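S.K.: Pasting my_file-v4.json below, which is JSON, C-alpha atoms and all ligand atoms.
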[["chain", "number", "residue", "atom", "x", "y", "z"],
["U", 125, "MET", "CA", 53.12, 21.07, 45.13],
["U", 126, "ASN", "CA", 54.97, 18.23, 43.44],
["U", 127, "PRO", "CA", 52.38, 16.77, 41.07],
["U", 128, "LEU", "CA", 52.58, 13.06, 40.36],
["U", 129, "GLU", "CA", 51.47, 11.79, 36.98],
["U", 130, "ILE", "CA", 51.03, 8.12, 36.04],
["U", 131, "LEU", "CA", 50.99, 7.34, 32.32],
["U", 132, "ILE", "CA", 50.25, 3.96, 30.71],
["U", 133, "LYS", "CA", 52.43, 3.37, 27.66],
["U", 134, "PRO", "CA", 53.29, 0.55, 25.24],
["U", 135, "TRP", "CA", 56.81, -0.83, 25.41],
["U", 136, "GLN", "CA", 57.98, 1.11, 22.37],
["U", 137, "GLU", "CA", 57.34, 4.35, 24.27],
["U", 138, "ALA", "CA", 58.16, 3.11, 27.78],
["U", 139, "ALA", "CA", 61.31, 1.05, 27.19],
["U", 140, "GLN", "CA", 63.99, 3.65, 27.75],
["U", 141, "GLU", "CA", 62.62, 5.12, 30.99],
["U", 142, "ALA", "CA", 61.28, 1.84, 32.39],
["U", 143, "TYR", "CA", 64.60, 0.10, 31.82],
["U", 144, "LEU", "CA", 66.56, 2.88, 33.56],
["U", 145, "ILE", "CA", 64.38, 2.47, 36.68],
["U", 146, "ARG", "CA", 64.50, -1.34, 36.62],
["U", 147, "LYS", "CA", 68.28, -1.34, 36.16],
["U", 148, "GLN", "CA", 68.81, 0.91, 39.17],
["U", 149, "VAL", "CA", 66.33, -0.92, 41.41],
["U", 150, "PHE", "CA", 66.53, -4.61, 40.43],
["U", 151, "VAL", "CA", 70.01, -4.98, 38.93],
["U", 152, "GLU", "CA", 72.10, -2.46, 40.90],
["U", 153, "GLU", "CA", 70.20, -2.39, 44.21],
["U", 154, "GLN", "CA", 68.87, -5.95, 44.45],
["U", 155, "GLY", "CA", 71.50, -7.86, 42.44],
["U", 156, "VAL", "CA", 69.11, -9.43, 39.89],
["U", 157, "PRO", "CA", 71.09, -10.61, 36.82],
["U", 158, "GLU", "CA", 70.81, -7.97, 34.08],
["U", 159, "ASP", "CA", 69.84, -10.55, 31.45],
["U", 160, "MET", "CA", 66.71, -11.43, 33.48],
["U", 161, "GLU", "CA", 65.43, -7.87, 33.52],
["U", 162, "LEU", "CA", 63.94, -7.75, 30.03],
["U", 163, "ASP", "CA", 61.75, -10.56, 28.76],
["U", 164, "GLU", "CA", 59.34, -11.46, 25.98],
["U", 165, "HIS", "CA", 56.35, -10.11, 27.94],
["U", 166, "ASP", "CA", 57.60, -6.50, 27.80],
["U", 167, "LEU", "CA", 56.56, -6.12, 24.18],
["U", 168, "SER", "CA", 52.89, -6.99, 24.79],
["U", 169, "ALA", "CA", 52.60, -5.51, 28.31],
["U", 170, "LYS", "CA", 51.10, -2.15, 29.27],
["U", 171, "HIS", "CA", 53.67, -0.17, 31.23],
["U", 172, "ALA", "CA", 52.86, 2.35, 33.96],
["U", 173, "LEU", "CA", 55.39, 5.14, 34.37],
["U", 174, "ALA", "CA", 55.30, 7.55, 37.32],
["U", 175, "TYR", "CA", 56.51, 11.12, 36.76],
["U", 176, "LYS", "CA", 57.35, 13.46, 39.60],
["U", 177, "ASP", "CA", 57.96, 16.99, 38.34],
["U", 178, "GLY", "CA", 58.42, 15.49, 34.89],
["U", 179, "LEU", "CA", 61.09, 12.99, 36.01],
["U", 180, "CYS", "CA", 60.34, 9.28, 35.66],
["U", 181, "VAL", "CA", 60.77, 7.79, 39.16],
["U", 182, "GLY", "CA", 58.81, 4.53, 39.08],
["U", 183, "THR", "CA", 57.38, 1.82, 36.88],
["U", 184, "GLY", "CA", 55.34, -1.36, 36.75],
["U", 185, "ARG", "CA", 53.74, -3.50, 34.05],
["U", 186, "LEU", "CA", 50.55, -5.41, 33.29],
["U", 187, "VAL", "CA", 50.80, -8.59, 31.21],
["U", 188, "GLN", "CA", 47.51, -9.98, 29.92],
["U", 189, "LEU", "CA", 47.52, -13.78, 30.27],
["U", 190, "ASP", "CA", 44.13, -14.48, 28.67],
["U", 191, "ASN", "CA", 40.71, -12.79, 28.37],
["U", 192, "HIS", "CA", 40.16, -12.83, 32.13],
["U", 193, "GLN", "CA", 43.58, -12.93, 33.75],
["U", 194, "ALA", "CA", 46.55, -10.60, 33.93],
["U", 195, "GLN", "CA", 49.79, -10.39, 35.85],
["U", 196, "ILE", "CA", 51.38, -7.32, 37.41],
["U", 197, "GLY", "CA", 55.15, -7.21, 37.64],
["U", 198, "ARG", "CA", 58.39, -5.19, 37.57],
["U", 199, "MET", "CA", 57.06, -2.79, 40.20],
["U", 200, "ALA", "CA", 59.88, -0.43, 41.13],
["U", 201, "VAL", "CA", 60.25, 3.06, 42.59],
["U", 202, "LEU", "CA", 63.65, 4.78, 42.77],
["U", 203, "LYS", "CA", 65.06, 4.58, 46.30],
["U", 204, "GLY", "CA", 64.93, 8.34, 46.95],
["U", 205, "TYR", "CA", 61.23, 8.47, 46.05],
["U", 206, "ARG", "CA", 59.86, 5.61, 48.18],
["U", 207, "ASN", "CA", 57.23, 5.92, 50.91],
["U", 208, "GLN", "CA", 55.50, 8.80, 49.11],
["U", 209, "HIS", "CA", 52.63, 6.63, 47.80],
["U", 210, "ILE", "CA", 54.15, 6.54, 44.31],
["U", 211, "GLY", "CA", 54.20, 2.72, 44.26],
["U", 212, "LYS", "CA", 50.58, 2.69, 45.42],
["U", 213, "SER", "CA", 49.62, 5.08, 42.59],
["U", 214, "ILE", "CA", 51.38, 2.86, 40.03],
["U", 215, "LEU", "CA", 49.67, -0.26, 41.41],
["U", 216, "ASN", "CA", 46.28, 1.48, 41.41],
["U", 217, "SER", "CA", 46.73, 2.57, 37.80],
["U", 218, "LEU", "CA", 47.55, -1.02, 36.76],
["U", 219, "ILE", "CA", 44.50, -2.32, 38.65],
["U", 220, "ASN", "CA", 42.37, 0.30, 36.89],
["U", 221, "GLN", "CA", 43.85, -0.73, 33.56],
["U", 222, "SER", "CA", 42.91, -4.35, 34.37],
["U", 223, "LYS", "CA", 39.32, -3.28, 35.00],
["U", 224, "ILE", "CA", 39.23, -1.37, 31.71],
["U", 225, "GLU", "CA", 40.37, -4.53, 29.93],
["U", 226, "GLY", "CA", 37.69, -6.67, 31.61],
["U", 227, "ILE", "CA", 40.18, -8.66, 33.69],
["U", 228, "SER", "CA", 38.68, -10.50, 36.67],
["U", 229, "ARG", "CA", 41.80, -12.02, 38.25],
["U", 230, "VAL", "CA", 45.11, -10.21, 38.71],
["U", 231, "SER", "CA", 48.12, -12.15, 39.98],
["U", 232, "LEU", "CA", 51.68, -11.22, 40.85],
["U", 233, "HIS", "CA", 54.89, -12.72, 42.16],
["U", 234, "ALA", "CA", 55.56, -10.63, 45.26],
["U", 235, "GLN", "CA", 58.93, -10.33, 46.86],
["U", 236, "VAL", "CA", 58.17, -11.49, 50.40],
["U", 237, "SER", "CA", 59.34, -8.12, 51.79],
["U", 238, "ALA", "CA", 56.77, -6.34, 49.57],
["U", 239, "ILE", "CA", 53.75, -8.51, 50.57],
["U", 240, "PRO", "CA", 52.40, -5.87, 53.03],
["U", 241, "PHE", "CA", 52.58, -3.25, 50.26],
["U", 242, "TYR", "CA", 50.40, -5.33, 47.89],
["U", 243, "ALA", "CA", 48.11, -6.45, 50.73],
["U", 244, "LYS", "CA", 47.19, -2.80, 51.38],
["U", 245, "LEU", "CA", 45.49, -2.73, 47.96],
["U", 246, "GLY", "CA", 43.67, -6.01, 48.55],
["U", 247, "PHE", "CA", 46.03, -8.66, 47.15],
["U", 248, "LEU", "CA", 45.96, -11.96, 49.05],
["U", 249, "ALA", "CA", 49.02, -14.21, 49.40],
["U", 250, "GLU", "CA", 48.57, -17.86, 48.42],
["U", 251, "GLY", "CA", 50.75, -20.95, 48.16],
["U", 252, "PRO", "CA", 54.35, -21.52, 49.18],
["U", 253, "ILE", "CA", 57.35, -19.18, 49.25],
["U", 254, "TYR", "CA", 59.78, -19.86, 46.37],
["U", 255, "ASP", "CA", 63.01, -18.49, 44.94],
["U", 256, "GLU", "CA", 63.00, -16.24, 41.87],
["U", 257, "ALA", "CA", 66.21, -14.51, 40.75],
["U", 258, "GLY", "CA", 67.72, -15.29, 44.17],
["U", 259, "ILE", "CA", 64.92, -13.47, 46.05],
["U", 260, "ALA", "CA", 62.13, -15.09, 48.15],
["U", 261, "HIS", "CA", 58.73, -14.64, 46.47],
["U", 262, "ARG", "CA", 55.11, -15.62, 47.08],
["U", 263, "ASN", "CA", 52.15, -15.50, 44.70],
["U", 264, "MET", "CA", 49.40, -12.99, 45.41],
["U", 265, "ILE", "CA", 46.02, -12.54, 43.74],
["U", 266, "LEU", "CA", 43.33, -9.88, 43.50],
["U", 267, "LEU", "CA", 39.84, -10.74, 42.26],
["U", 268, "LEU", "CA", 38.06, -7.87, 40.51],
["U", 269, "GLU", "CA", 34.31, -7.51, 40.37],
["U", 270, "LYS", "CA", 32.76, -7.98, 36.97],
["U", 271, "THR", "CA", 31.51, -4.66, 35.64],
["U", 272, "ILE", "CA", 29.40, -6.19, 32.84],
["U", 301, "LIG", "C1", 57.75, -2.04, 46.73],
["U", 301, "LIG", "C2", 57.82, -0.60, 46.21],
["U", 301, "LIG", "C3", 57.46, -0.58, 44.73],
["U", 301, "LIG", "C4", 56.80, 0.24, 47.01],
["U", 301, "LIG", "O1", 56.79, 1.57, 46.50],
["U", 301, "LIG", "P1", 56.63, 2.86, 47.43],
["U", 301, "LIG", "O2", 56.37, 4.01, 46.57],
["U", 301, "LIG", "O3", 57.79, 2.95, 48.37],
["U", 301, "LIG", "O4", 55.35, 2.46, 48.29],
["U", 301, "LIG", "P2", 54.17, 3.41, 48.76],
["U", 301, "LIG", "O5", 54.75, 4.64, 49.40],
["U", 301, "LIG", "O6", 53.21, 3.65, 47.65],
["U", 301, "LIG", "O7", 53.49, 2.48, 49.87],
["U", 301, "LIG", "C5", 52.07, 2.32, 49.97],
["U", 301, "LIG", "C6", 51.78, 1.74, 51.35],
["U", 301, "LIG", "O8", 52.46, 0.47, 51.49],
["U", 301, "LIG", "C7", 53.39, 0.53, 52.58],
["U", 301, "LIG", "N1", 54.60, -0.19, 52.17],
["U", 301, "LIG", "C8", 55.35, 0.04, 51.08],
["U", 301, "LIG", "N2", 56.38, -0.84, 51.03],
["U", 301, "LIG", "C9", 56.25, -1.62, 52.13],
["U", 301, "LIG", "C10", 57.00, -2.71, 52.65],
["U", 301, "LIG", "N3", 58.06, -3.20, 52.00],
["U", 301, "LIG", "N4", 56.59, -3.29, 53.81],
["U", 301, "LIG", "C11", 55.49, -2.81, 54.48],
["U", 301, "LIG", "N5", 54.73, -1.78, 54.01],
["U", 301, "LIG", "C12", 55.11, -1.20, 52.86],
["U", 301, "LIG", "C13", 53.66, 2.01, 52.81],
["U", 301, "LIG", "O9", 54.07, 2.26, 54.14],
["U", 301, "LIG", "C14", 52.31, 2.64, 52.49],
["U", 301, "LIG", "O10", 51.45, 2.46, 53.58],
["U", 301, "LIG", "P3", 50.29, 3.56, 53.92],
["U", 301, "LIG", "O11", 49.37, 3.59, 52.71],
["U", 301, "LIG", "O12", 49.64, 3.04, 55.15],
["U", 301, "LIG", "O13", 50.98, 4.88, 54.11],
["U", 301, "LIG", "C15", 59.23, 0.02, 46.46],
["U", 301, "LIG", "O14", 59.56, -0.11, 47.82],
["U", 301, "LIG", "C16", 60.33, -0.60, 45.62],
["U", 301, "LIG", "O15", 60.57, -0.20, 44.49],
["U", 301, "LIG", "N6", 61.06, -1.58, 46.20],
["U", 301, "LIG", "C17", 62.19, -2.21, 45.51],
["U", 301, "LIG", "C18", 61.72, -3.09, 44.35],
["U", 301, "LIG", "C19", 60.75, -4.14, 44.83],
["U", 301, "LIG", "O16", 60.96, -4.79, 45.83],
["U", 301, "LIG", "N7", 59.68, -4.28, 44.05],
["U", 301, "LIG", "C20", 58.63, -5.23, 44.36],
["U", 301, "LIG", "C21", 58.86, -6.43, 43.54],
["U", 301, "LIG", "S1", 57.63, -7.66, 43.93]]
Turn the structure described in the file into structure tokens.

M.R.:
Amino acid sequence: MNPLEILIKPWQEAAQEAYLIRKQVFVEEQGVPEDMELDEHDLSAKHALAYKDGLCVGTGRLVQLDNHQAQIGRMAVLKGYRNQHIGKSILNSLINQSKIEGISRVSLHAQVSAIPFYAKLGFLAEGPIYDEAGIAHRNMILLLEKTI
């Protein structure tokens, strides 16, 4: 058994591991400029970190936009660990976190190649395709049922 653990952490505790993953995936693999990797939202965001046998292999973040809306971003799993449902577990944990915080609308900027991944958890694509950091993106949204 290779247990997978997903932990939600504030930036102060997540920064080192999250940045290592993002650097390998977005900067080195996808060619995103390094100075675009960190932004002002990291400090307030909740960060999901995926641990396989104690090693951090994936990350993603949830940025609260207002009382009802949040945005998921920076979803990345190390290349050697993909297609093992680690990304799905990260995304699920961020959706659960949204529910805990009473969020009713979750949005994200999906790389076009990742749209089927997000669609499997119920996100719907909307609007035009646009360029972000040199990569084709499209907005996706997930409406959550009100629990109160
Ligand atoms: C996108 C990413 C996070 C997905 O993580 P992952 O751990 O490989 O995905 P999972 O194994 O959890 O996939 C869950 C499901 O989505 C499917 N899926 C994942 N990526 C897919 C893709 N690009 N196209 C089609 N289906 C995909 C899987 O086959 C799986 O389907 P199943 O439930 O029927 O078995 C990962 O590929 C990654 O880090 N890519 C590079 C960075 C990136 O593009 N991030 C997205 C930025 S918007």

S.K.: So, counting only C-alpha atoms and all ligand atoms, which residue among U:Gly246, U:Pro240, U:Pro252, U:Gly184 is closest to ligand LIG 301 (chain U)?

M.R.: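 Among the listed residues, U:Pro240 lies closest to ligand LIG 301 (chain U).
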
S.K.: Have a look at atom CA of U:Ser168 and atom C15 of ligand LIG 301 (chain U) and let me know their distance in Å, one decimal.

M.R.: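 Taking atom CA of U:Ser168 and atom C15 of ligand LIG 301 (chain U), their separation equals 23.6 Å.
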
S.K.: To check your reading of the model: which residues sit at most 10 Å from ligand LIG 301 (chain U) when counting only C-alpha atoms and all ligand atoms? Write the answer as an mmCIF file with C-alpha atoms, keeping the file's coordinate frame.

M.R.:
data_model
loop_
_atom_site.group_PDB
_atom_site.id
_atom_site.type_symbol
_atom_site.label_atom_id
_atom_site.label_comp_id
_atom_site.auth_asym_id
_atom_site.auth_seq_id
_atom_site.Cartn_x
_atom_site.Cartn_y
_atom_site.Cartn_z
ATOM 1 C CA ILE U 145 64.380 2.470 36.680
ATOM 2 C CA ARG U 146 64.500 -1.340 36.620
ATOM 3 C CA GLN U 148 68.810 0.910 39.170
ATOM 4 C CA VAL U 149 66.330 -0.920 41.410
ATOM 5 C CA PHE U 150 66.530 -4.610 40.430
ATOM 6 C CA GLU U 153 70.200 -2.390 44.210
ATOM 7 C CA GLN U 154 68.870 -5.950 44.450
ATOM 8 C CA ALA U 174 55.300 7.550 37.320
ATOM 9 C CA VAL U 181 60.770 7.790 39.160
ATOM 10 C CA GLY U 182 58.810 4.530 39.080
ATOM 11 C CA THR U 183 57.380 1.820 36.880
ATOM 12 C CA GLY U 184 55.340 -1.360 36.750
ATOM 13 C CA ILE U 196 51.380 -7.320 37.410
ATOM 14 C CA GLY U 197 55.150 -7.210 37.640
ATOM 15 C CA ARG U 198 58.390 -5.190 37.570
ATOM 16 C CA MET U 199 57.060 -2.790 40.200
ATOM 17 C CA ALA U 200 59.880 -0.430 41.130
ATOM 18 C CA VAL U 201 60.250 3.060 42.590
ATOM 19 C CA LEU U 202 63.650 4.780 42.770
ATOM 20 C CA LYS U 203 65.060 4.580 46.300
ATOM 21 C CA GLY U 204 64.930 8.340 46.950
ATOM 22 C CA TYR U 205 61.230 8.470 46.050
ATOM 23 C CA ARG U 206 59.860 5.610 48.180
ATOM 24 C CA ASN U 207 57.230 5.920 50.910
ATOM 25 C CA GLN U 208 55.500 8.800 49.110
ATOM 26 C CA HIS U 209 52.630 6.630 47.800
ATOM 27 C CA ILE U 210 54.150 6.540 44.310
ATOM 28 C CA GLY U 211 54.200 2.720 44.260
ATOM 29 C CA LYS U 212 50.580 2.690 45.420
ATOM 30 C CA SER U 213 49.620 5.080 42.590
ATOM 31 C CA ILE U 214 51.380 2.860 40.030
ATOM 32 C CA LEU U 215 49.670 -0.260 41.410
ATOM 33 C CA ASN U 216 46.280 1.480 41.410
ATOM 34 C CA LEU U 232 51.680 -11.220 40.850
ATOM 35 C CA HIS U 233 54.890 -12.720 42.160
ATOM 36 C CA ALA U 234 55.560 -10.630 45.260
ATOM 37 C CA GLN U 235 58.930 -10.330 46.860
ATOM 38 C CA VAL U 236 58.170 -11.490 50.400
ATOM 39 C CA SER U 237 59.340 -8.120 51.790
ATOM 40 C CA ALA U 238 56.770 -6.340 49.570
ATOM 41 C CA ILE U 239 53.750 -8.510 50.570
ATOM 42 C CA PRO U 240 52.400 -5.870 53.030
ATOM 43 C CA PHE U 241 52.580 -3.250 50.260
ATOM 44 C CA TYR U 242 50.400 -5.330 47.890
ATOM 45 C CA ALA U 243 48.110 -6.450 50.730
ATOM 46 C CA LYS U 244 47.190 -2.800 51.380
ATOM 47 C CA LEU U 245 45.490 -2.730 47.960
ATOM 48 C CA ILE U 259 64.920 -13.470 46.050
ATOM 49 C CA ALA U 260 62.130 -15.090 48.150
ATOM 50 C CA HIS U 261 58.730 -14.640 46.470
ATOM 51 C CA ARG U 262 55.110 -15.620 47.080
ATOM 52 C CA ASN U 263 52.150 -15.500 44.700
ATOM 53 C CA MET U 264 49.400 -12.990 45.410
#

S.K.: Quick one: everything within 10 Å of U:Tyr175, counting only C-alpha atoms, minus sequence neighbours fewer than 2 positions away in the same chain. Send it as a PyMOL selection string.

M.R.: chain U and resi 126-131+172-173+177-183+210

S.K.: Would you tabulate, counting only C-alpha atoms, all residues of stretch 182-229 of chain U that have an atom at most 10 Å from an atom of stretch 157-166 of chain U, showing the closest pair of atoms and their distance in Å to one decimal, sorted by chain then ascending number, as JSON lines?

M.R.:
{"residue": "U:Arg185", "atom": "CA", "partner": "U:Asp166", "partner_atom": "CA", "distance": 7.9}
{"residue": "U:Leu186", "atom": "CA", "partner": "U:Asp166", "partner_atom": "CA", "distance": 9.0}
{"residue": "U:Val187", "atom": "CA", "partner": "U:His165", "partner_atom": "CA", "distance": 6.6}
{"residue": "U:Gln188", "atom": "CA", "partner": "U:His165", "partner_atom": "CA", "distance": 9.1}
{"residue": "U:Leu189", "atom": "CA", "partner": "U:His165", "partner_atom": "CA", "distance": 9.8}
{"residue": "U:Arg198", "atom": "CA", "partner": "U:Glu161", "partner_atom": "CA", "distance": 8.6}

S.K.: So how far away is atom CA of U:Ala138 from atom CA of U:Leu218, in Å?

M.R.: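 Calculated distance between atom CA of U:Leu218 and atom CA of U:Ala138 is 14.5 Å.
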